[in-house]
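J.: Next comes the structure file model-v2.cif, holding mmCIF, C-alpha atoms.
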```
data_input
loop_
_atom_site.group_PDB
_atom_site.id
_atom_site.type_symbol
_atom_site.label_atom_id
_atom_site.label_comp_id
_atom_site.auth_asym_id
_atom_site.auth_seq_id
_atom_site.Cartn_x
_atom_site.Cartn_y
_atom_site.Cartn_z
ATOM 1 C CA MET A 184 -3.182 2.402 46.254
ATOM 2 C CA GLN A 185 -1.458 2.124 42.912
ATOM 3 C CA LEU A 186 -2.886 3.716 39.789
ATOM 4 C CA PRO A 187 -3.121 1.520 36.719
ATOM 5 C CA THR A 188 -0.553 2.261 34.060
ATOM 6 C CA HIS A 189 -1.484 2.421 30.438
ATOM 7 C CA GLU A 190 1.155 1.234 28.038
ATOM 8 C CA PRO A 191 0.743 2.236 24.417
ATOM 9 C CA HIS A 192 -0.353 -0.556 22.111
ATOM 10 C CA THR A 193 2.153 0.031 19.347
ATOM 11 C CA SER A 194 2.536 -3.575 18.297
ATOM 12 C CA GLY A 195 -0.811 -3.528 16.479
ATOM 13 C CA ALA A 196 0.020 -0.267 14.734
ATOM 14 C CA ILE A 197 3.467 -1.500 13.735
ATOM 15 C CA GLU A 198 1.985 -4.744 12.432
ATOM 16 C CA GLN A 199 -0.512 -2.783 10.336
ATOM 17 C CA LEU A 200 2.188 -0.485 8.946
ATOM 18 C CA THR A 201 4.415 -3.407 8.024
ATOM 19 C CA SER A 202 1.673 -5.586 6.560
ATOM 20 C CA PRO A 203 2.172 -6.557 2.919
ATOM 21 C CA ARG A 204 -0.818 -4.449 1.810
ATOM 22 C CA ALA A 205 0.525 -1.360 3.601
ATOM 23 C CA VAL A 206 3.964 -1.803 2.043
ATOM 24 C CA LYS A 207 2.407 -2.193 -1.422
ATOM 25 C CA ALA A 208 0.299 0.921 -0.884
ATOM 26 C CA PHE A 209 3.378 2.880 0.209
ATOM 27 C CA LEU A 210 5.280 1.773 -2.890
ATOM 28 C CA VAL A 211 2.382 2.771 -5.164
ATOM 29 C CA VAL A 212 2.292 6.234 -3.601
ATOM 30 C CA LEU A 213 6.086 6.567 -3.787
ATOM 31 C CA PHE A 214 6.337 5.485 -7.431
ATOM 32 C CA GLY A 215 3.305 7.612 -8.314
ATOM 33 C CA LEU A 216 4.902 10.704 -6.762
ATOM 34 C CA VAL A 217 8.183 10.027 -8.578
ATOM 35 C CA ALA A 218 6.354 9.631 -11.903
ATOM 36 C CA ALA A 219 4.333 12.809 -11.290
ATOM 37 C CA TYR A 220 7.456 14.774 -10.349
ATOM 38 C CA LEU A 221 9.303 13.620 -13.461
ATOM 39 C CA ALA A 222 6.305 14.451 -15.660
ATOM 40 C CA LEU A 223 6.026 17.927 -14.125
ATOM 41 C CA GLN A 224 9.728 18.472 -14.815
ATOM 42 C CA SER A 225 9.126 17.461 -18.456
ATOM 43 C CA GLN A 226 11.426 14.496 -18.064
ATOM 44 C CA ALA A 227 10.770 11.031 -19.374
ATOM 45 C CA VAL A 228 9.389 8.606 -16.816
ATOM 46 C CA PRO A 229 11.555 5.462 -16.876
ATOM 47 C CA ASP A 230 9.802 2.335 -18.070
ATOM 48 C CA LEU A 231 10.828 0.584 -14.873
ATOM 49 C CA ILE A 232 8.665 2.942 -12.800
ATOM 50 C CA GLY A 233 5.702 2.370 -15.102
ATOM 51 C CA TYR A 234 6.145 -1.394 -14.996
ATOM 52 C CA ALA A 235 6.548 -1.365 -11.219
ATOM 53 C CA LEU A 236 3.405 0.743 -10.780
ATOM 54 C CA SER A 237 1.412 -1.488 -13.109
ATOM 55 C CA GLY A 238 2.551 -4.652 -11.388
ATOM 56 C CA ILE A 239 2.022 -3.417 -7.846
ATOM 57 C CA ILE A 240 -1.368 -1.848 -8.578
ATOM 58 C CA GLY A 241 -2.509 -4.971 -10.423
ATOM 59 C CA TYR A 242 -1.393 -7.210 -7.599
ATOM 60 C CA TYR A 243 -2.840 -4.838 -4.980
ATOM 61 C CA PHE A 244 -6.301 -4.803 -6.536
ATOM 62 C CA GLY A 245 -6.110 -8.472 -7.485
ATOM 63 C CA ASP A 246 -5.275 -9.334 -3.899
ATOM 64 C CA GLY A 247 -8.230 -7.273 -2.666
ATOM 65 C CA SER A 248 -10.581 -8.982 -5.115
ATOM 66 C CA ALA A 249 -9.374 -12.392 -4.009
ATOM 67 C CA GLN A 250 -9.920 -11.493 -0.352
ATOM 68 C CA ARG A 251 -13.450 -10.182 -1.041
ATOM 69 C CA ALA A 252 -14.306 -13.340 -2.979
ATOM 70 C CA GLN A 253 -12.932 -15.480 -0.175
ATOM 71 C CA ASN A 254 -15.060 -13.585 2.357
ATOM 72 C CA GLY A 255 -18.158 -13.882 0.157
ATOM 73 C CA ASN A 256 -18.316 -10.147 -0.547
ATOM 74 C CA GLY A 257 -17.527 -10.285 -4.255
ATOM 75 C CA SER A 258 -19.370 -7.975 -6.632
ATOM 76 C CA HIS A 259 -22.077 -9.472 -8.828
#
```
Can the structure in the file be given as C-alpha cells, please?
T.:
Amino acid sequence: MQLPTHEPHTSGAIEQLTSPRAVKAFLVVLFGLVAAYLALQSQAVPDLIGYALSGIIGYYFGDGSAQRAQNGNGSH
C-alpha cells in the first residue's frame, strides 16, 4: 500500500505574488518606505518618487474601481 504524496501548490501562490496588482502594491510600499525614510532623515524626497507614488496609487485604485464596476459592485 502506497501513501498518497502531497505536493505543495506553489504555482497559485507564485501567480498571486507576480500578479500586476501585487507588483503595484509592492512598489507602493517600497516607494512609501523610501519617502518616509528620507523624510525622517530630513532629506528632500525626490520628485520622481512622489510622481511614481501618485501614478501607481492612482492606477491601483482606478484599476480596483474599474474591476468593481465591471463586477457590478460599484458604490452608489
J.: For CA of Asn254 (chain A) and CA of Gly195 (chain A), determine how far apart the two atoms are, in Å to one decimal place.
T.: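 Going from CA of Asn254 (chain A) over to CA of Gly195 (chain A) covers 22.4 Å.
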J.: Record the distance separating CA of Pro203 (chain A) and CA of Tyr242 (chain A), expressed in Å with one decimal.
T.: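 Those two atoms sit 11.1 Å apart.
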J.: So what do you get for CA of Ala235 (chain A) versus CA of Glu198 (chain A), distance-wise?
T.: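 Here the two named atoms are 24.3 Å from each other.
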J.: Name the residues in contact with region 211-226 of chain A at a cut-off of 9 Å, using only C-alpha atoms, excluding same-chain residues fewer than 2 positions from it; report them as a ChimeraX atom specification.
T.: /A:206-209,228-229,232-233,235-236,239-240
J.: Return as JSON the centre and edge lengths, in Å with one decimal, of the box along x, y and z that encloses every atom of region 208-217 of chain A in the file, padded by 5 Å per side.
T.:
```
{"center_x": 4.2, "center_y": 5.8, "center_z": -4.2, "size_x": 17.9, "size_y": 19.8, "size_z": 18.8}
```
